$ cat model23.cif   # mmCIF, C-alpha atoms
data_upload
loop_
_atom_site.label_atom_id
_atom_site.label_comp_id
_atom_site.auth_asym_id
_atom_site.auth_seq_id
_atom_site.Cartn_x
_atom_site.Cartn_y
_atom_site.Cartn_z
CA MET F 14 -0.65 207.92 -34.71
CA ALA F 15 -1.70 205.47 -37.38
CA ARG F 16 1.88 205.52 -38.65
CA SER F 17 3.33 205.09 -35.21
CA THR F 18 1.09 202.07 -34.72
CA ASP F 19 2.20 200.72 -38.09
CA PHE F 20 5.77 201.00 -36.96
CA VAL F 21 5.29 198.72 -33.98
CA ARG F 22 2.80 196.32 -35.51
CA THR F 23 5.14 194.27 -37.68
CA GLU F 24 7.99 192.48 -35.98
CA PHE F 25 10.53 189.86 -36.89
CA ILE F 26 12.31 187.55 -34.49
CA LEU F 27 16.08 187.23 -34.73
CA LYS F 28 17.82 184.37 -32.99
CA PRO F 29 21.55 184.28 -32.34
CA VAL F 30 23.40 181.74 -34.48
CA GLY F 31 26.51 182.26 -32.37
CA PHE F 32 28.37 184.58 -30.01
CA VAL F 33 31.58 186.59 -30.17
CA ARG F 34 34.34 185.64 -27.74
CA SER F 35 36.75 188.55 -27.65
CA THR F 36 39.30 190.25 -25.42
CA ILE F 37 37.29 193.47 -25.88
CA GLU F 38 34.98 193.66 -22.88
CA SER F 39 33.17 196.99 -23.21
CA ARG F 40 32.08 199.53 -25.82
CA ARG F 41 34.57 201.98 -24.31
CA ASP F 42 37.42 199.65 -25.21
CA ALA F 43 36.19 198.85 -28.72
CA PRO F 44 37.65 200.55 -31.80
CA MET F 45 34.95 202.13 -33.98
CA GLN F 46 35.86 199.87 -36.90
CA GLY F 47 37.75 196.59 -37.18
CA TYR F 48 40.57 198.18 -39.17
CA GLU F 49 41.19 200.66 -36.36
CA GLY F 50 43.26 198.25 -34.30
CA ALA F 51 40.71 195.55 -33.39
CA PRO F 52 41.96 192.11 -32.40
CA ASP F 53 41.04 188.72 -33.80
CA ALA F 54 38.13 187.05 -32.02
CA TRP F 55 36.37 183.72 -31.96
CA ILE F 56 32.80 183.14 -33.05
CA GLU F 57 31.18 180.21 -31.27
CA ILE F 58 28.46 178.88 -33.54
CA GLU F 59 25.35 177.38 -31.93
CA ARG F 60 25.21 173.63 -32.36
CA ALA F 61 21.68 173.82 -33.80
CA VAL F 62 22.99 175.62 -36.92
CA ALA F 63 26.43 174.00 -37.17
CA ASP F 64 25.63 172.57 -40.62
CA ALA F 65 25.29 176.10 -41.99
CA VAL F 66 29.05 176.70 -41.55
CA GLU F 67 30.14 173.96 -43.97
CA GLY F 68 32.09 175.49 -46.82
CA VAL F 69 33.37 178.52 -44.93
CA GLN F 70 37.13 178.50 -45.59
CA VAL F 71 40.22 179.80 -43.83
CA GLY F 72 41.58 182.83 -45.69
CA GLU F 73 38.20 183.95 -47.03
CA ALA F 74 36.69 187.39 -46.51
CA ILE F 75 33.28 187.15 -44.85
CA ILE F 76 30.68 189.51 -43.47
CA VAL F 77 29.80 188.79 -39.86
CA ILE F 78 26.41 190.26 -38.96
CA THR F 79 25.88 190.95 -35.28
CA TRP F 80 23.20 192.24 -32.97
CA LEU F 81 24.74 195.19 -31.13
CA HIS F 82 23.03 194.40 -27.85
CA ALA F 83 24.53 197.36 -25.97
CA ALA F 84 23.07 199.90 -28.42
CA LYS F 85 20.38 202.52 -27.79
CA ARG F 86 17.53 201.82 -30.20
CA GLU F 87 15.67 205.09 -29.69
CA THR F 88 18.57 207.13 -31.11
CA LEU F 89 17.78 208.65 -34.53
CA LYS F 90 20.54 211.30 -34.76
CA VAL F 91 24.14 211.33 -33.60
CA HIS F 92 27.33 213.33 -33.88
CA PRO F 93 29.30 211.18 -36.35
CA ARG F 94 32.13 209.26 -34.64
CA GLY F 95 31.14 210.88 -31.35
CA ASN F 96 32.66 214.20 -32.46
CA LYS F 97 30.58 216.87 -30.72
CA ASN F 98 31.87 219.48 -33.20
CA ALA F 99 30.39 217.60 -36.15
CA PRO F 100 26.77 218.45 -36.97
CA LEU F 101 24.10 215.92 -35.97
CA ALA F 102 23.36 213.36 -38.69
CA GLY F 103 20.66 210.75 -39.08
CA VAL F 104 21.91 207.36 -37.92
CA PHE F 105 21.24 205.87 -41.39
CA ALA F 106 23.97 208.23 -42.68
CA THR F 107 26.43 206.90 -40.05
CA ARG F 108 27.84 203.65 -38.68
CA SER F 109 26.71 204.47 -35.13
CA PRO F 110 25.76 201.32 -33.20
CA ASP F 111 22.84 203.32 -31.76
CA ARG F 112 19.98 202.96 -34.31
CA PRO F 113 16.44 201.51 -34.49
CA ASN F 114 17.68 198.00 -35.35
CA PRO F 115 21.23 197.73 -34.02
CA ILE F 116 22.63 195.42 -36.69
CA GLY F 117 26.40 195.37 -37.00
CA LEU F 118 28.25 194.57 -40.23
CA HIS F 119 31.84 193.43 -39.88
CA ARG F 120 34.03 192.51 -42.81
CA VAL F 121 36.67 190.13 -41.50
CA THR F 122 39.03 187.41 -42.66
CA VAL F 123 38.62 183.80 -41.52
CA LYS F 124 41.82 182.94 -39.62
CA GLU F 125 41.08 179.47 -38.24
CA ILE F 126 38.22 176.96 -37.99
CA ALA F 127 38.00 174.51 -35.09
CA GLY F 128 34.75 172.56 -35.16
CA THR F 129 31.97 175.06 -34.61
CA ARG F 130 34.40 177.83 -33.59
CA ILE F 131 35.60 180.29 -36.21
CA LYS F 132 38.49 182.67 -35.56
CA VAL F 133 38.07 185.91 -37.49
CA GLY F 134 39.63 189.33 -37.51
CA PRO F 135 39.98 192.13 -37.12
CA LEU F 136 36.68 192.38 -35.21
CA GLU F 137 35.65 195.35 -33.07
CA ALA F 138 32.55 193.69 -31.55
CA ILE F 139 32.69 193.22 -27.78
CA ASP F 140 32.76 189.90 -25.95
CA GLY F 141 29.32 188.30 -25.82
CA THR F 142 27.94 190.07 -28.89
CA PRO F 143 25.34 187.85 -30.56
CA VAL F 144 26.05 186.85 -34.17
CA VAL F 145 22.92 186.63 -36.31
CA ASP F 146 24.30 185.78 -39.77
CA ILE F 147 27.48 185.14 -41.74
CA LYS F 148 27.83 185.73 -45.48
CA PRO F 149 30.63 185.49 -48.02
CA VAL F 150 31.87 188.75 -49.53
CA LEU F 151 30.74 188.86 -53.16
CA ALA F 152 33.69 188.58 -55.56
CA ARG F 153 32.04 190.89 -58.08
CA SER F 154 31.80 193.95 -55.91
CA ALA F 155 34.00 193.10 -52.90
CA ASP F 156 31.19 194.52 -50.82
CA SER F 157 28.40 193.29 -48.67
CA MET P 2 18.78 169.29 -26.06
CA ALA P 3 20.24 171.88 -23.72
CA ARG P 4 21.86 173.50 -26.74
CA SER P 5 18.70 173.38 -28.76
CA THR P 6 16.92 175.14 -25.91
CA ASP P 7 19.69 177.74 -25.75
CA PHE P 8 19.14 178.43 -29.42
CA VAL P 9 15.51 179.39 -28.97
CA ARG P 10 15.82 181.12 -25.60
CA THR P 11 17.42 184.39 -26.67
CA GLU P 12 15.55 186.50 -29.20
CA PHE P 13 15.77 189.99 -30.59
CA ILE P 14 12.93 191.97 -32.10
CA LEU P 15 13.46 193.64 -35.46
CA LYS P 16 11.03 196.29 -36.62
CA PRO P 17 10.81 197.48 -40.20
CA VAL P 18 12.11 201.02 -40.70
CA GLY P 19 10.69 201.02 -44.23
CA PHE P 20 9.53 198.92 -47.14
CA VAL P 21 10.73 198.29 -50.70
CA ARG P 22 8.46 199.40 -53.53
CA SER P 23 9.66 197.61 -56.63
CA THR P 24 8.46 196.35 -60.00
CA ILE P 25 9.79 192.91 -58.96
CA GLU P 26 6.81 191.05 -57.55
CA SER P 27 8.08 187.56 -56.72
CA ARG P 28 11.28 185.68 -55.89
CA ARG P 29 11.01 183.91 -59.24
CA ASP P 30 11.33 187.25 -61.02
CA ALA P 31 14.17 188.56 -58.85
CA PRO P 32 17.80 188.46 -60.04
CA MET P 33 20.08 186.76 -57.50
CA GLN P 34 22.11 189.93 -57.04
CA GLY P 35 21.46 193.59 -57.79
CA TYR P 36 24.16 193.75 -60.46
CA GLU P 37 22.48 190.93 -62.38
CA GLY P 38 19.95 193.20 -64.05
CA ALA P 39 17.89 194.43 -61.09
CA PRO P 40 15.89 197.65 -61.46
CA ASP P 41 15.91 200.76 -59.32
CA ALA P 42 13.34 200.70 -56.52
CA TRP P 43 11.94 203.05 -53.90
CA ILE P 44 12.36 202.63 -50.18
CA GLU P 45 9.50 204.16 -48.22
CA ILE P 46 10.82 205.06 -44.79
CA GLU P 47 8.46 204.84 -41.81
CA ARG P 48 7.53 208.25 -40.49
CA ALA P 49 8.55 207.28 -36.94
CA VAL P 50 12.21 207.04 -38.00
CA ALA P 51 12.27 209.75 -40.69
CA ASP P 52 14.90 211.76 -38.75
CA ALA P 53 17.37 208.89 -39.16
CA VAL P 54 17.58 209.56 -42.92
CA GLU P 55 19.00 213.07 -42.60
CA GLY P 56 22.40 213.24 -44.23
CA VAL P 57 21.84 210.42 -46.72
CA GLN P 58 22.87 211.95 -50.08
CA VAL P 59 22.03 211.35 -53.72
CA GLY P 60 24.97 209.68 -55.46
CA GLU P 61 26.22 207.88 -52.34
CA ALA P 62 26.78 204.14 -52.04
CA ILE P 63 24.77 202.69 -49.18
CA ILE P 64 24.04 199.27 -47.75
CA VAL P 65 20.32 198.55 -47.52
CA ILE P 66 19.63 195.80 -45.00
CA THR P 67 16.38 193.92 -45.53
CA TRP P 68 14.37 191.15 -43.93
CA LEU P 69 13.87 188.53 -46.63
CA HIS P 70 10.36 187.70 -45.53
CA ALA P 71 9.79 185.03 -48.20
CA ALA P 72 12.80 182.96 -47.04
CA LYS P 73 12.82 179.50 -45.44
CA ARG P 74 14.50 179.83 -42.07
CA GLU P 75 14.96 176.14 -41.40
CA THR P 76 17.32 175.75 -44.38
CA LEU P 77 20.95 175.11 -43.33
CA LYS P 78 22.38 173.79 -46.62
CA VAL P 79 21.71 174.68 -50.24
CA HIS P 80 23.03 174.08 -53.72
CA PRO P 81 24.80 177.41 -54.38
CA ARG P 82 22.86 179.59 -56.83
CA GLY P 83 20.24 176.85 -57.12
CA ASN P 84 22.61 174.74 -59.24
CA LYS P 85 21.68 171.13 -58.47
CA ASN P 86 25.04 169.98 -59.89
CA ALA P 87 26.97 171.99 -57.30
CA PRO P 88 27.63 170.23 -54.00
CA LEU P 89 25.53 171.27 -51.01
CA ALA P 90 27.07 174.08 -48.98
CA GLY P 91 26.23 175.57 -45.61
CA VAL P 92 24.11 178.69 -46.05
CA PHE P 93 26.75 180.79 -44.21
CA ALA P 94 29.07 180.04 -47.16
CA THR P 95 26.44 181.31 -49.65
CA ARG P 96 24.19 184.29 -50.30
CA SER P 97 21.04 182.14 -50.27
CA PRO P 98 18.05 184.04 -48.89
CA ASP P 99 17.08 180.83 -47.08
CA ARG P 100 19.00 180.88 -43.76
CA PRO P 101 18.27 180.99 -40.00
CA ASN P 102 17.98 184.80 -39.94
CA PRO P 103 17.05 185.89 -43.46
CA ILE P 104 18.88 189.21 -43.49
CA GLY P 105 19.57 190.66 -46.93
CA LEU P 106 22.51 192.97 -47.69
CA HIS P 107 22.20 195.13 -50.77
CA ARG P 108 24.84 197.58 -51.89
CA VAL P 109 23.08 200.23 -53.95
CA THR P 110 23.47 203.82 -55.09
CA VAL P 111 21.09 206.54 -53.90
CA LYS P 112 19.39 207.88 -57.05
CA GLU P 113 16.82 210.30 -55.67
CA ILE P 114 15.40 211.46 -52.32
CA ALA P 115 11.81 212.72 -52.04
CA GLY P 116 10.83 213.36 -48.43
CA THR P 117 10.88 209.99 -46.71
CA ARG P 118 11.17 208.09 -50.01
CA ILE P 119 14.61 207.08 -51.26
CA LYS P 120 15.15 205.77 -54.79
CA VAL P 121 18.03 203.29 -54.92
CA GLY P 122 19.44 200.80 -57.35
CA PRO P 123 20.08 198.32 -58.58
CA LEU P 124 18.03 196.40 -56.00
CA GLU P 125 16.94 192.76 -56.40
CA ALA P 126 14.61 192.71 -53.36
CA ILE P 127 10.96 192.08 -54.18
CA ASP P 128 8.09 194.52 -53.68
CA GLY P 129 7.02 194.72 -50.05
CA THR P 130 10.34 193.55 -48.60
CA PRO P 131 10.85 195.10 -45.16
CA VAL P 132 13.92 197.31 -44.73
CA VAL P 133 15.49 197.03 -41.28
CA ASP P 134 18.56 199.27 -41.55
CA ILE P 135 20.53 201.54 -43.88
CA LYS P 136 24.27 202.22 -43.55
CA PRO P 137 26.84 204.17 -45.52
CA VAL P 138 29.53 202.16 -47.30
CA LEU P 139 32.82 202.74 -45.49
CA ALA P 140 35.28 204.72 -47.63
CA ARG P 141 38.24 202.83 -46.20
CA SER P 142 37.28 199.39 -47.37
CA ALA P 143 34.42 200.03 -49.83
CA ASP P 144 32.70 197.14 -48.13
CA SER P 145 29.88 196.61 -45.73
#

$ encode --input "model23.cif" --output "structure tokens"
Amino acid sequence: MARSTDFVRTEFILKPVGFVRSTIESRRDAPMQGYEGAPDAWIEIERAVADAVEGVQVGEAIIVITWLHAAKRETLKVHPRGNKNAPLAGVFATRSPDRPNPIGLHRVTVKEIAGTRIKVGPLEAIDGTPVVDIKPVLARSADS
Amino acid sequence: MARSTDFVRTEFILKPVGFVRSTIESRRDAPMQGYEGAPDAWIEIERAVADAVEGVQVGEAIIVITWLHAAKRETLKVHPRGNKNAPLAGVFATRSPDRPNPIGLHRVTVKEIAGTRIKVGPLEAIDGTPVVDIKPVLARSADS
């Protein structure tokens, strides 16, 4: 019980820095990963943080970090990729959107920049998904 | 002003799923990236989410997602890598820890697993840094 209390005691507040505008309207219609046929989508950056976008360039690889607002946060184990024949695995060993903190990582290419709107792709996040951060891919490791 | 209000209206609550235990005790002592000489470190997973770790394997590449609690959230532009001679850039074009939502992405290798403790490295996060998520690196793109 002490540990359970510890778990809820500390909290951090995330605020959206933008939102995804996509033709994908529901989780059912979303590919599991961007490279599995996802479309390009626009990110509308909040005006309050518009200065943070300066220097993002068309053609670059970036990591878009989202808040997967349709996720189930109480889920700790899943059948990977929804395959009921696969043994249950802890969500930290999978990319399931259902997890204690439903943070999404999406490696995409910047296709176009129009003011505070950034077109990126391919992106599997559904329309309305909050964006909480954007980072360049590191040249050294081509990773996050 | 409407937009500024929008920015603060929506919020999401992150809870730590674990904490970093490292020999690095301050930002001043931390390399900018893991591959710049960072040590291995332990992640102590909260008991409440211990089931989520099942399936994480020694030798695997994983993405540790942290909350960079020592960051300045009001920062929108920085000199990249602290180099005052470099022109200011928006934080979304840099890996600065100072940004609206100070989320850290760390690609590391799993070195050892002992119950709910996971040894990973190299990791540049300082001692006490909250961990908010862990994900496998995707084989397809070796990215985040």

$ closest_residue --input "model23.cif" --among "P:Asn86, P:Gln58, P:Thr24, P:Thr117" --to "chain F" --atoms "all atoms listed in the file"
P:Gln58

$ calpha_fit_and_write --input "model23.cif" --fixed "chain F" --moving "chain P" --output "CSV table (one decimal) with C-alpha atoms, in the frame of the given file"
chain,number,residue,atom,x,y,z
P,2,MET,CA,-0.6,208.0,-34.7
P,3,ALA,CA,-1.7,205.5,-37.3
P,4,ARG,CA,1.9,205.5,-38.6
P,5,SER,CA,3.4,205.1,-35.2
P,6,THR,CA,1.1,202.1,-34.7
P,7,ASP,CA,2.2,200.7,-38.0
P,8,PHE,CA,5.8,201.0,-36.9
P,9,VAL,CA,5.3,198.7,-33.9
P,10,ARG,CA,2.8,196.3,-35.5
P,11,THR,CA,5.1,194.3,-37.7
P,12,GLU,CA,8.0,192.5,-36.0
P,13,PHE,CA,10.5,189.9,-36.9
P,14,ILE,CA,12.3,187.6,-34.5
P,15,LEU,CA,16.1,187.2,-34.7
P,16,LYS,CA,17.8,184.4,-33.0
P,17,PRO,CA,21.5,184.3,-32.3
P,18,VAL,CA,23.4,181.7,-34.5
P,19,GLY,CA,26.5,182.3,-32.4
P,20,PHE,CA,28.4,184.6,-30.0
P,21,VAL,CA,31.6,186.6,-30.2
P,22,ARG,CA,34.3,185.6,-27.7
P,23,SER,CA,36.7,188.6,-27.7
P,24,THR,CA,39.3,190.3,-25.4
P,25,ILE,CA,37.3,193.5,-25.9
P,26,GLU,CA,35.0,193.7,-22.9
P,27,SER,CA,33.1,197.0,-23.2
P,28,ARG,CA,32.1,199.5,-25.8
P,29,ARG,CA,34.5,202.0,-24.3
P,30,ASP,CA,37.4,199.7,-25.2
P,31,ALA,CA,36.1,198.8,-28.7
P,32,PRO,CA,37.6,200.5,-31.8
P,33,MET,CA,34.9,202.1,-34.0
P,34,GLN,CA,35.8,199.9,-36.9
P,35,GLY,CA,37.7,196.6,-37.2
P,36,TYR,CA,40.6,198.2,-39.2
P,37,GLU,CA,41.2,200.7,-36.4
P,38,GLY,CA,43.3,198.3,-34.3
P,39,ALA,CA,40.7,195.6,-33.4
P,40,PRO,CA,41.9,192.1,-32.4
P,41,ASP,CA,41.0,188.7,-33.8
P,42,ALA,CA,38.1,187.1,-32.0
P,43,TRP,CA,36.4,183.7,-32.0
P,44,ILE,CA,32.8,183.2,-33.1
P,45,GLU,CA,31.2,180.2,-31.3
P,46,ILE,CA,28.5,178.9,-33.5
P,47,GLU,CA,25.3,177.4,-31.9
P,48,ARG,CA,25.2,173.6,-32.4
P,49,ALA,CA,21.7,173.8,-33.8
P,50,VAL,CA,23.0,175.6,-36.9
P,51,ALA,CA,26.5,174.0,-37.2
P,52,ASP,CA,25.6,172.6,-40.6
P,53,ALA,CA,25.3,176.1,-42.0
P,54,VAL,CA,29.1,176.7,-41.6
P,55,GLU,CA,30.1,174.0,-44.0
P,56,GLY,CA,32.1,175.5,-46.8
P,57,VAL,CA,33.4,178.5,-44.9
P,58,GLN,CA,37.1,178.5,-45.6
P,59,VAL,CA,40.2,179.8,-43.8
P,60,GLY,CA,41.6,182.8,-45.7
P,61,GLU,CA,38.2,183.9,-47.0
P,62,ALA,CA,36.7,187.4,-46.5
P,63,ILE,CA,33.3,187.1,-44.8
P,64,ILE,CA,30.7,189.5,-43.5
P,65,VAL,CA,29.8,188.8,-39.9
P,66,ILE,CA,26.4,190.3,-39.0
P,67,THR,CA,25.9,190.9,-35.3
P,68,TRP,CA,23.2,192.2,-33.0
P,69,LEU,CA,24.7,195.2,-31.1
P,70,HIS,CA,23.0,194.4,-27.9
P,71,ALA,CA,24.5,197.3,-26.0
P,72,ALA,CA,23.1,199.9,-28.4
P,73,LYS,CA,20.4,202.5,-27.8
P,74,ARG,CA,17.5,201.8,-30.2
P,75,GLU,CA,15.7,205.1,-29.7
P,76,THR,CA,18.6,207.1,-31.1
P,77,LEU,CA,17.8,208.6,-34.5
P,78,LYS,CA,20.5,211.3,-34.8
P,79,VAL,CA,24.1,211.3,-33.6
P,80,HIS,CA,27.3,213.3,-33.9
P,81,PRO,CA,29.3,211.2,-36.3
P,82,ARG,CA,32.1,209.3,-34.6
P,83,GLY,CA,31.1,210.9,-31.3
P,84,ASN,CA,32.6,214.2,-32.4
P,85,LYS,CA,30.5,216.9,-30.7
P,86,ASN,CA,31.8,219.5,-33.2
P,87,ALA,CA,30.4,217.6,-36.1
P,88,PRO,CA,26.7,218.4,-37.0
P,89,LEU,CA,24.1,215.9,-36.0
P,90,ALA,CA,23.4,213.4,-38.7
P,91,GLY,CA,20.6,210.7,-39.1
P,92,VAL,CA,21.9,207.4,-37.9
P,93,PHE,CA,21.2,205.9,-41.4
P,94,ALA,CA,24.0,208.2,-42.7
P,95,THR,CA,26.4,206.9,-40.1
P,96,ARG,CA,27.8,203.6,-38.7
P,97,SER,CA,26.7,204.4,-35.1
P,98,PRO,CA,25.7,201.3,-33.2
P,99,ASP,CA,22.8,203.3,-31.8
P,100,ARG,CA,20.0,203.0,-34.3
P,101,PRO,CA,16.4,201.5,-34.5
P,102,ASN,CA,17.7,198.0,-35.4
P,103,PRO,CA,21.2,197.7,-34.0
P,104,ILE,CA,22.6,195.4,-36.7
P,105,GLY,CA,26.4,195.4,-37.0
P,106,LEU,CA,28.2,194.6,-40.2
P,107,HIS,CA,31.8,193.4,-39.9
P,108,ARG,CA,34.0,192.5,-42.8
P,109,VAL,CA,36.7,190.1,-41.5
P,110,THR,CA,39.0,187.4,-42.7
P,111,VAL,CA,38.6,183.8,-41.5
P,112,LYS,CA,41.8,182.9,-39.6
P,113,GLU,CA,41.1,179.5,-38.2
P,114,ILE,CA,38.2,177.0,-38.0
P,115,ALA,CA,38.0,174.5,-35.1
P,116,GLY,CA,34.8,172.6,-35.2
P,117,THR,CA,32.0,175.1,-34.6
P,118,ARG,CA,34.4,177.8,-33.6
P,119,ILE,CA,35.6,180.3,-36.2
P,120,LYS,CA,38.5,182.7,-35.6
P,121,VAL,CA,38.1,185.9,-37.5
P,122,GLY,CA,39.6,189.3,-37.5
P,123,PRO,CA,40.0,192.1,-37.1
P,124,LEU,CA,36.7,192.4,-35.2
P,125,GLU,CA,35.6,195.4,-33.1
P,126,ALA,CA,32.5,193.7,-31.6
P,127,ILE,CA,32.7,193.2,-27.8
P,128,ASP,CA,32.7,189.9,-25.9
P,129,GLY,CA,29.3,188.3,-25.8
P,130,THR,CA,27.9,190.1,-28.9
P,131,PRO,CA,25.3,187.9,-30.6
P,132,VAL,CA,26.0,186.8,-34.2
P,133,VAL,CA,22.9,186.6,-36.3
P,134,ASP,CA,24.3,185.8,-39.8
P,135,ILE,CA,27.5,185.1,-41.7
P,136,LYS,CA,27.8,185.7,-45.5
P,137,PRO,CA,30.6,185.5,-48.0
P,138,VAL,CA,31.9,188.7,-49.5
P,139,LEU,CA,30.8,188.8,-53.2
P,140,ALA,CA,33.7,188.5,-55.6
P,141,ARG,CA,32.1,190.8,-58.1
P,142,SER,CA,31.9,193.9,-55.9
P,143,ALA,CA,34.0,193.1,-52.9
P,144,ASP,CA,31.3,194.5,-50.8
P,145,SER,CA,28.5,193.3,-48.6

$ closest_residue --input "model23.cif" --among "P:Ala62, P:Val92, P:Ala71, P:Ile25" --to "Trp43 (chain P)" --atoms "all atoms listed in the file"
P:Ile25

$ interface_residues --input "model23.cif" --of "chain F" --to "chain P" --cutoff "6 Å" --atoms "all atoms listed in the file" --output "count of residues only"
25

$ resolve_selection --input "model23.cif" --expression "the PyMOL selection byres ((chain P and resi 33) around 10)" --output "MDAnalysis selection string"
chainID P and resid 28:32 34:39 82:83 96:98 124:126

$ atom_distance --input "model23.cif" --atom1 "CA of Val132 (chain P)" --atom2 "CA of Ile44 (chain P)"
7.8 Å

$ closest_residue --input "model23.cif" --among "P:Val109, P:Gly60, P:Asp99, P:Ile46" --to "Lys73 (chain P)" --atoms "only C-alpha atoms"
P:Asp99

$ atom_distance --input "model23.cif" --atom1 "CA of Gly122 (chain P)" --atom2 "CA of Pro93 (chain F)"
25.4 Å

$ closest_residue --input "model23.cif" --among "F:Arg130, F:Ala84, F:Thr122, F:Thr142" --to "Glu57 (chain F)" --atoms "all atoms listed in the file"
F:Arg130

$ atom_distance --input "model23.cif" --atom1 "CA of Arg34 (chain F)" --atom2 "CA of Ala54 (chain F)"
5.9 Å
